[in-house]
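Reading through the structure tokens given below for one structure.
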Amino acid sequence: MAETLERVISEDDIRTFHEDGAVCLRGFLSPEWLETVAEGFEQAVASPGQFSKSYGPEGAPRYYTDHRLFNRFEPFRKFLFEGPTAQVAAEIFDAARLDLYDEHLLIKEAGAPAPTYWHHDMPYFSIKGDQLASIWFSLDATREDTGALRFAKGSHKWGKLFQPVKIGENVPVDSFNRDDLIATVPDIENNPDEYPTVLMETDPGDIIIFHGLTLHSSSGNSNTENSRRALSLRYAGDDIRWQNRSDAPLIFDRTLNDGDPLSLLGEQCPQVWPRA
Ligand SMILES: O=C(O)CCC(=O)C(=O)O
């Protein structure tokens, strides 16, 4: 934590993050920041990027996702570089430096039936290490049946890496062929005694921070009036290094060697802490 600012997250919340693998900070984002991000969503939906995808049955409301936002849309750039979320991740890991590996826009349109199937994020990314956290929040209220996230408590400490699936389809990602992955995610839903979970319903302004190895899922959006617009930001701390993975869905312009620091990716994976 190179910057000396007033701390934004309590010791209790940091402990919960490390024990459970996820923690929710209530009322963290101001209405002004939510407004900025909402502008970004409008612009992004009007202009899909090369990694955008839609999930769900043909003709049904979409589960729409996109990536790489800050270098295309000014509101996201402002939020990421001037907003308060990087400091949360820095405090969680007591990190000297954070790079932004990915920004993920996840819209479940009104009535979108596709859920997010159980998965954890690490195996989707071309990285290795422990200090990976996502900060996820929604511009819309989320409830159990409208796309609120559910986490398998403590699953970031199982010491396992599971086969990645297409998040809205539950089929393996293309060209899956990995030595370091074991099996598919267990049946968490039907074994609550073995796999306790925590549901985090949120209101606008709440943010959730979860570890890159914490298994999570969410329902489709049963609200037929409103979309569920969520943003997930992936912060990589001091011990994260590049790890080549042929099946990683996000492609970078530069090829690195295993063990290289992410700083070699330059603008595609910018330093967000300490702030410039
Ligand atoms: O928004 C969702 O439903 C899923 C989010 C997610 O899987 C993630 O942020 O990693």
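Convention: chains lettered A, B, ... in structure tokens order; per-chain residue numbering from 1; ligands numbered from 1 as shown.
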
Problem - Within 9 Å of ligand 1, counting only C-alpha atoms and all ligand atoms, residues as a PyMOL selection string - result: chain A and resi 63+104-108+115-121+134-138+147-149+167-168+210+212+215-220+228-234

Could you go through stretch 78-251 of chain A and tell me which residues DSSP, when run on the backbone, assigns to strand (DSSP E or B), listing them as an mmCIF file with N, CA, C and O atoms, in the first residue's frame?
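selection-v1.cif written:
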```cif
data_model
loop_
_atom_site.group_PDB
_atom_site.id
_atom_site.type_symbol
_atom_site.label_atom_id
_atom_site.label_comp_id
_atom_site.auth_asym_id
_atom_site.auth_seq_id
_atom_site.Cartn_x
_atom_site.Cartn_y
_atom_site.Cartn_z
ATOM 1 N N LEU A 98 -0.905 -2.824 -8.100
ATOM 2 C CA LEU A 98 -1.998 -3.591 -8.709
ATOM 3 C C LEU A 98 -2.054 -3.276 -10.194
ATOM 4 O O LEU A 98 -1.947 -2.110 -10.590
ATOM 5 N N ASP A 99 -2.254 -4.322 -10.995
ATOM 6 C CA ASP A 99 -2.523 -4.135 -12.416
ATOM 7 C C ASP A 99 -3.962 -4.566 -12.682
ATOM 8 O O ASP A 99 -4.471 -5.473 -12.021
ATOM 9 N N LEU A 100 -4.570 -3.938 -13.665
ATOM 10 C CA LEU A 100 -5.936 -4.312 -14.016
ATOM 11 C C LEU A 100 -5.876 -5.325 -15.145
ATOM 12 O O LEU A 100 -5.504 -4.989 -16.273
ATOM 13 N N TYR A 101 -6.220 -6.588 -14.844
ATOM 14 C CA TYR A 101 -6.122 -7.643 -15.860
ATOM 15 C C TYR A 101 -7.304 -7.601 -16.822
ATOM 16 O O TYR A 101 -7.176 -7.889 -18.000
ATOM 17 N N ASP A 102 -8.473 -7.247 -16.304
ATOM 18 C CA ASP A 102 -9.677 -7.371 -17.132
ATOM 19 C C ASP A 102 -10.799 -6.540 -16.537
ATOM 20 O O ASP A 102 -10.866 -6.357 -15.322
ATOM 21 N N GLU A 103 -11.644 -6.038 -17.400
ATOM 22 C CA GLU A 103 -12.921 -5.477 -16.948
ATOM 23 C C GLU A 103 -14.005 -6.217 -17.724
ATOM 24 O O GLU A 103 -13.906 -6.374 -18.930
ATOM 25 N N HIS A 104 -15.023 -6.625 -17.021
ATOM 26 C CA HIS A 104 -16.037 -7.515 -17.588
ATOM 27 C C HIS A 104 -17.407 -6.894 -17.357
ATOM 28 O O HIS A 104 -17.814 -6.694 -16.220
ATOM 29 N N LEU A 105 -18.064 -6.581 -18.447
ATOM 30 C CA LEU A 105 -19.425 -6.055 -18.358
ATOM 31 C C LEU A 105 -20.378 -7.239 -18.506
ATOM 32 O O LEU A 105 -20.202 -8.066 -19.403
ATOM 33 N N LEU A 106 -21.365 -7.339 -17.606
ATOM 34 C CA LEU A 106 -22.262 -8.503 -17.613
ATOM 35 C C LEU A 106 -23.703 -8.012 -17.458
ATOM 36 O O LEU A 106 -24.119 -7.636 -16.360
ATOM 37 N N ILE A 107 -24.417 -7.998 -18.571
ATOM 38 C CA ILE A 107 -25.800 -7.511 -18.525
ATOM 39 C C ILE A 107 -26.752 -8.691 -18.690
ATOM 40 O O ILE A 107 -26.666 -9.433 -19.675
ATOM 41 N N LYS A 108 -27.624 -8.861 -17.695
ATOM 42 C CA LYS A 108 -28.718 -9.817 -17.879
ATOM 43 C C LYS A 108 -29.948 -8.978 -18.179
ATOM 44 O O LYS A 108 -30.478 -8.291 -17.292
ATOM 45 N N THR A 116 -25.608 -17.749 -14.485
ATOM 46 C CA THR A 116 -24.147 -17.883 -14.518
ATOM 47 C C THR A 116 -23.841 -19.187 -13.795
ATOM 48 O O THR A 116 -24.166 -19.331 -12.611
ATOM 49 N N TYR A 117 -23.267 -20.122 -14.490
ATOM 50 C CA TYR A 117 -23.002 -21.430 -13.876
ATOM 51 C C TYR A 117 -21.811 -21.348 -12.935
ATOM 52 O O TYR A 117 -20.965 -20.460 -13.055
ATOM 53 N N TRP A 118 -21.738 -22.283 -11.990
ATOM 54 C CA TRP A 118 -20.652 -22.297 -11.008
ATOM 55 C C TRP A 118 -19.294 -22.353 -11.704
ATOM 56 O O TRP A 118 -19.068 -23.191 -12.580
ATOM 57 N N HIS A 119 -18.426 -21.480 -11.293
ATOM 58 C CA HIS A 119 -17.066 -21.443 -11.843
ATOM 59 C C HIS A 119 -16.205 -20.592 -10.927
ATOM 60 O O HIS A 119 -16.718 -19.874 -10.065
ATOM 61 N N ILE A 127 -2.767 -16.182 -16.130
ATOM 62 C CA ILE A 127 -1.970 -15.739 -14.989
ATOM 63 C C ILE A 127 -1.878 -16.828 -13.932
ATOM 64 O O ILE A 127 -2.689 -17.752 -13.903
ATOM 65 N N LYS A 128 -0.888 -16.666 -13.063
ATOM 66 C CA LYS A 128 -0.686 -17.554 -11.914
ATOM 67 C C LYS A 128 -0.365 -16.704 -10.703
ATOM 68 O O LYS A 128 0.224 -15.628 -10.846
ATOM 69 N N LEU A 132 -5.295 -12.354 -6.742
ATOM 70 C CA LEU A 132 -6.247 -11.954 -7.779
ATOM 71 C C LEU A 132 -7.610 -11.761 -7.121
ATOM 72 O O LEU A 132 -8.117 -12.676 -6.470
ATOM 73 N N ALA A 133 -8.171 -10.572 -7.272
ATOM 74 C CA ALA A 133 -9.509 -10.309 -6.719
ATOM 75 C C ALA A 133 -10.370 -9.637 -7.771
ATOM 76 O O ALA A 133 -9.881 -8.823 -8.567
ATOM 77 N N SER A 134 -11.641 -9.992 -7.764
ATOM 78 C CA SER A 134 -12.606 -9.279 -8.596
ATOM 79 C C SER A 134 -13.419 -8.365 -7.715
ATOM 80 O O SER A 134 -13.806 -8.746 -6.602
ATOM 81 N N ILE A 135 -13.666 -7.181 -8.207
ATOM 82 C CA ILE A 135 -14.639 -6.295 -7.549
ATOM 83 C C ILE A 135 -15.819 -6.211 -8.492
ATOM 84 O O ILE A 135 -15.689 -5.795 -9.648
ATOM 85 N N TRP A 136 -16.959 -6.676 -7.986
ATOM 86 C CA TRP A 136 -18.183 -6.813 -8.785
ATOM 87 C C TRP A 136 -19.251 -5.918 -8.173
ATOM 88 O O TRP A 136 -19.411 -5.893 -6.950
ATOM 89 N N PHE A 137 -19.955 -5.187 -9.016
ATOM 90 C CA PHE A 137 -21.120 -4.450 -8.504
ATOM 91 C C PHE A 137 -22.138 -4.306 -9.616
ATOM 92 O O PHE A 137 -21.823 -4.456 -10.801
ATOM 93 N N SER A 138 -23.366 -4.045 -9.201
ATOM 94 C CA SER A 138 -24.441 -3.899 -10.172
ATOM 95 C C SER A 138 -25.083 -2.527 -10.018
ATOM 96 O O SER A 138 -25.231 -2.018 -8.899
ATOM 97 N N THR A 142 -29.968 -6.448 -6.970
ATOM 98 C CA THR A 142 -29.927 -7.870 -7.333
ATOM 99 C C THR A 142 -30.519 -8.687 -6.197
ATOM 100 O O THR A 142 -30.227 -8.450 -5.019
ATOM 101 N N LEU A 149 -25.149 -12.642 -6.801
ATOM 102 C CA LEU A 149 -24.091 -13.663 -6.781
ATOM 103 C C LEU A 149 -24.189 -14.544 -5.538
ATOM 104 O O LEU A 149 -24.503 -14.065 -4.447
ATOM 105 N N ARG A 150 -23.873 -15.823 -5.732
ATOM 106 C CA ARG A 150 -23.775 -16.778 -4.633
ATOM 107 C C ARG A 150 -22.359 -17.356 -4.643
ATOM 108 O O ARG A 150 -21.810 -17.655 -5.709
ATOM 109 N N PHE A 151 -21.762 -17.489 -3.465
ATOM 110 C CA PHE A 151 -20.378 -17.956 -3.353
ATOM 111 C C PHE A 151 -20.310 -19.237 -2.531
ATOM 112 O O PHE A 151 -21.035 -19.379 -1.543
ATOM 113 N N ALA A 152 -19.407 -20.133 -2.921
ATOM 114 C CA ALA A 152 -19.120 -21.323 -2.102
ATOM 115 C C ALA A 152 -18.072 -20.894 -1.080
ATOM 116 O O ALA A 152 -16.919 -20.600 -1.444
ATOM 117 N N VAL A 165 -15.931 -23.242 -17.739
ATOM 118 C CA VAL A 165 -17.092 -23.451 -18.619
ATOM 119 C C VAL A 165 -17.483 -22.106 -19.218
ATOM 120 O O VAL A 165 -17.104 -21.066 -18.699
ATOM 121 N N PRO A 172 -17.727 -26.745 -21.529
ATOM 122 C CA PRO A 172 -16.316 -26.320 -21.421
ATOM 123 C C PRO A 172 -15.967 -25.250 -22.444
ATOM 124 O O PRO A 172 -16.503 -25.254 -23.552
ATOM 125 N N THR A 197 -22.866 -22.181 1.184
ATOM 126 C CA THR A 197 -22.775 -21.034 0.281
ATOM 127 C C THR A 197 -23.298 -19.777 0.969
ATOM 128 O O THR A 197 -24.009 -19.856 1.973
ATOM 129 N N VAL A 198 -22.952 -18.647 0.410
ATOM 130 C CA VAL A 198 -23.497 -17.387 0.894
ATOM 131 C C VAL A 198 -24.013 -16.592 -0.308
ATOM 132 O O VAL A 198 -23.306 -16.436 -1.311
ATOM 133 N N LEU A 199 -25.280 -16.179 -0.199
ATOM 134 C CA LEU A 199 -25.903 -15.376 -1.254
ATOM 135 C C LEU A 199 -25.689 -13.905 -0.904
ATOM 136 O O LEU A 199 -25.958 -13.496 0.229
ATOM 137 N N MET A 200 -25.224 -13.104 -1.846
ATOM 138 C CA MET A 200 -25.028 -11.673 -1.574
ATOM 139 C C MET A 200 -25.946 -10.854 -2.476
ATOM 140 O O MET A 200 -25.594 -10.522 -3.612
ATOM 141 N N THR A 202 -27.627 -7.442 -3.527
ATOM 142 C CA THR A 202 -27.042 -6.089 -3.438
ATOM 143 C C THR A 202 -28.020 -5.019 -3.903
ATOM 144 O O THR A 202 -28.944 -5.287 -4.673
ATOM 145 N N ILE A 207 -20.650 -3.028 -3.179
ATOM 146 C CA ILE A 207 -19.682 -3.742 -4.019
ATOM 147 C C ILE A 207 -19.311 -5.070 -3.344
ATOM 148 O O ILE A 207 -19.317 -5.164 -2.111
ATOM 149 N N ILE A 208 -18.994 -6.054 -4.159
ATOM 150 C CA ILE A 208 -18.543 -7.360 -3.648
ATOM 151 C C ILE A 208 -17.105 -7.570 -4.113
ATOM 152 O O ILE A 208 -16.785 -7.312 -5.274
ATOM 153 N N ILE A 209 -16.264 -8.021 -3.192
ATOM 154 C CA ILE A 209 -14.882 -8.357 -3.561
ATOM 155 C C ILE A 209 -14.735 -9.854 -3.356
ATOM 156 O O ILE A 209 -15.044 -10.362 -2.267
ATOM 157 N N PHE A 210 -14.281 -10.557 -4.383
ATOM 158 C CA PHE A 210 -14.083 -11.998 -4.201
ATOM 159 C C PHE A 210 -12.765 -12.441 -4.813
ATOM 160 O O PHE A 210 -12.247 -11.854 -5.759
ATOM 161 N N HIS A 211 -12.214 -13.492 -4.225
ATOM 162 C CA HIS A 211 -10.906 -14.030 -4.640
ATOM 163 C C HIS A 211 -11.043 -14.733 -5.993
ATOM 164 O O HIS A 211 -12.104 -15.298 -6.293
ATOM 165 N N HIS A 216 -18.343 -19.249 -7.736
ATOM 166 C CA HIS A 216 -19.545 -18.411 -7.634
ATOM 167 C C HIS A 216 -20.499 -18.714 -8.788
ATOM 168 O O HIS A 216 -20.100 -19.288 -9.808
ATOM 169 N N SER A 217 -21.755 -18.298 -8.585
ATOM 170 C CA SER A 217 -22.791 -18.504 -9.601
ATOM 171 C C SER A 217 -23.852 -17.426 -9.405
ATOM 172 O O SER A 217 -23.810 -16.685 -8.418
ATOM 173 N N SER A 218 -24.786 -17.348 -10.348
ATOM 174 C CA SER A 218 -25.948 -16.479 -10.135
ATOM 175 C C SER A 218 -27.083 -16.966 -11.025
ATOM 176 O O SER A 218 -26.851 -17.687 -12.004
ATOM 177 N N ARG A 228 -30.218 -6.341 -15.390
ATOM 178 C CA ARG A 228 -29.237 -6.350 -14.295
ATOM 179 C C ARG A 228 -27.894 -6.034 -14.936
ATOM 180 O O ARG A 228 -27.320 -6.835 -15.643
ATOM 181 N N ARG A 229 -27.428 -4.794 -14.684
ATOM 182 C CA ARG A 229 -26.168 -4.348 -15.307
ATOM 183 C C ARG A 229 -25.047 -4.440 -14.282
ATOM 184 O O ARG A 229 -25.031 -3.689 -13.308
ATOM 185 N N ALA A 230 -24.094 -5.359 -14.513
ATOM 186 C CA ALA A 230 -23.005 -5.539 -13.550
ATOM 187 C C ALA A 230 -21.646 -5.345 -14.215
ATOM 188 O O ALA A 230 -21.492 -5.547 -15.427
ATOM 189 N N LEU A 231 -20.701 -4.924 -13.397
ATOM 190 C CA LEU A 231 -19.320 -4.743 -13.857
ATOM 191 C C LEU A 231 -18.417 -5.531 -12.925
ATOM 192 O O LEU A 231 -18.569 -5.463 -11.697
ATOM 193 N N SER A 232 -17.478 -6.286 -13.495
ATOM 194 C CA SER A 232 -16.543 -7.063 -12.685
ATOM 195 C C SER A 232 -15.126 -6.660 -13.089
ATOM 196 O O SER A 232 -14.749 -6.790 -14.259
ATOM 197 N N LEU A 233 -14.355 -6.187 -12.125
ATOM 198 C CA LEU A 233 -13.005 -5.672 -12.386
ATOM 199 C C LEU A 233 -12.002 -6.627 -11.772
ATOM 200 O O LEU A 233 -12.116 -6.955 -10.586
ATOM 201 N N ARG A 234 -11.018 -7.059 -12.534
ATOM 202 C CA ARG A 234 -10.070 -8.063 -12.034
ATOM 203 C C ARG A 234 -8.731 -7.408 -11.715
ATOM 204 O O ARG A 234 -8.000 -6.991 -12.611
ATOM 205 N N TYR A 235 -8.427 -7.364 -10.421
ATOM 206 C CA TYR A 235 -7.205 -6.721 -9.950
ATOM 207 C C TYR A 235 -6.143 -7.768 -9.629
ATOM 208 O O TYR A 235 -6.388 -8.703 -8.864
ATOM 209 N N ALA A 236 -4.953 -7.566 -10.202
ATOM 210 C CA ALA A 236 -3.839 -8.507 -10.004
ATOM 211 C C ALA A 236 -2.779 -7.842 -9.134
ATOM 212 O O ALA A 236 -2.273 -6.765 -9.458
ATOM 213 N N ARG A 241 1.805 -13.445 -11.922
ATOM 214 C CA ARG A 241 2.712 -13.490 -13.073
ATOM 215 C C ARG A 241 1.985 -14.086 -14.268
ATOM 216 O O ARG A 241 1.014 -14.797 -14.121
ATOM 217 N N TRP A 242 2.499 -13.814 -15.448
ATOM 218 C CA TRP A 242 1.938 -14.351 -16.674
ATOM 219 C C TRP A 242 2.076 -15.877 -16.716
ATOM 220 O O TRP A 242 3.090 -16.425 -16.273
#
```

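Using only C-alpha atoms, the protein and nucleic acid residues lying no more than 7 Å from stretch 84-89 of chain A, apart from those fewer than 3 places from it along its own chain, are A:Val8, A:Ile9, A:Ile92, A:Phe93, A:Ala133, A:Tyr235, A:Val272, A:Trp273.
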
Could you pull the residues within 10 Å of A:Pro196, counting only C-alpha atoms, minus those fewer than 6 positions along the same chain, as a CSV table (one decimal) with all heavy atoms, in the first residue's frame?
```csv
chain,number,residue,atom,x,y,z
A,151,PHE,N,-21.8,-17.5,-3.5
A,151,PHE,CA,-20.4,-18.0,-3.4
A,151,PHE,C,-20.3,-19.2,-2.5
A,151,PHE,O,-21.0,-19.4,-1.5
A,151,PHE,CB,-19.5,-16.9,-2.7
A,151,PHE,CG,-19.4,-15.6,-3.5
A,151,PHE,CD1,-20.4,-14.6,-3.2
A,151,PHE,CD2,-18.5,-15.5,-4.5
A,151,PHE,CE1,-20.3,-13.4,-4.0
A,151,PHE,CE2,-18.4,-14.3,-5.2
A,151,PHE,CZ,-19.4,-13.3,-5.0
A,152,ALA,N,-19.4,-20.1,-2.9
A,152,ALA,CA,-19.1,-21.3,-2.1
A,152,ALA,C,-18.1,-20.9,-1.1
A,152,ALA,O,-16.9,-20.6,-1.4
A,152,ALA,CB,-18.6,-22.5,-3.0
A,153,LYS,N,-18.5,-20.8,0.2
A,153,LYS,CA,-17.6,-20.3,1.2
A,153,LYS,C,-16.3,-21.0,1.3
A,153,LYS,O,-16.3,-22.3,1.5
A,153,LYS,CB,-18.4,-20.4,2.6
A,153,LYS,CG,-19.3,-19.2,2.8
A,153,LYS,CD,-20.1,-19.4,4.1
A,153,LYS,CE,-19.5,-18.5,5.2
A,153,LYS,NZ,-20.4,-18.5,6.4
A,154,GLY,N,-15.2,-20.3,1.3
A,154,GLY,CA,-13.9,-20.9,1.5
A,154,GLY,C,-13.4,-21.7,0.4
A,154,GLY,O,-12.3,-22.3,0.5
A,155,SER,N,-14.1,-21.7,-0.8
A,155,SER,CA,-13.6,-22.5,-1.9
A,155,SER,C,-12.3,-22.0,-2.5
A,155,SER,O,-11.6,-22.8,-3.2
A,155,SER,CB,-14.7,-22.6,-3.0
A,155,SER,OG,-15.2,-21.3,-3.3
A,188,ILE,N,-22.5,-28.2,-6.0
A,188,ILE,CA,-22.6,-27.4,-4.8
A,188,ILE,C,-24.1,-27.2,-4.4
A,188,ILE,O,-24.4,-27.3,-3.2
A,188,ILE,CB,-21.9,-26.0,-5.1
A,188,ILE,CG1,-20.4,-26.3,-5.3
A,188,ILE,CG2,-22.2,-25.0,-4.0
A,188,ILE,CD1,-19.7,-25.1,-5.9
A,189,GLU,N,-24.9,-26.9,-5.4
A,189,GLU,CA,-26.3,-26.6,-5.2
A,189,GLU,C,-27.0,-27.7,-4.3
A,189,GLU,O,-27.7,-27.4,-3.4
A,189,GLU,CB,-27.0,-26.6,-6.6
A,189,GLU,CG,-28.0,-25.6,-6.7
A,189,GLU,CD,-27.4,-24.2,-7.0
A,189,GLU,OE1,-26.3,-24.0,-7.3
A,189,GLU,OE2,-28.2,-23.2,-6.7
```

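If you look at atom CA of A:Gly40 and atom CA of A:Glu267, they are 19.1 Å away from each other.
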
Fill in the blank from the handout: Counting only C-alpha atoms, the residue among A:Ser126, A:Pro186, A:Asn257, A:Leu139 that lies closest to A:Ile240 is A:Ser126

Where does stretch 229-276 of chain A meet stretch 44-60 of chain A within 10 Å, residue by residue, with the nearest atom pair and distance in Å to one decimal for each, counting only C-alpha atoms, listed by chain and rising number, as CSV?
```
residue,atom,partner,partner_atom,distance
A:Pro249,CA,A:Phe51,CA,8.2
A:Leu250,CA,A:Phe51,CA,7.3
A:Ile251,CA,A:Phe51,CA,8.8
```

Just write the chosen residues, C-alpha atoms, as a short mmCIF file (atom, residue, chain, number, x, y, z; two decimals), in the first residue's frame.
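Wrote it out as again_15.cif, contents follow:
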```
data_model
loop_
_atom_site.label_atom_id
_atom_site.label_comp_id
_atom_site.auth_asym_id
_atom_site.auth_seq_id
_atom_site.Cartn_x
_atom_site.Cartn_y
_atom_site.Cartn_z
CA PRO A 249 -10.74 -16.40 -23.81
CA LEU A 250 -9.03 -12.99 -23.58
CA ILE A 251 -6.26 -12.40 -26.09
#
```

Practice task
Enumerate the residues of stretch 22-271 of chain A with a DSSP assignment of helix (DSSP H, G or I), computed from the backbone, and present them as number ranges by chain.
Solution key: A: 31-46, 74-82, 85-93, 122-124, 155-157, 262-268

Fill in the blank from the handout: Of A:Glu42, A:Glu6, A:Asp247, A:Glu11, the one sitting nearest A:Val173 when using only C-alpha atoms is A:Asp247
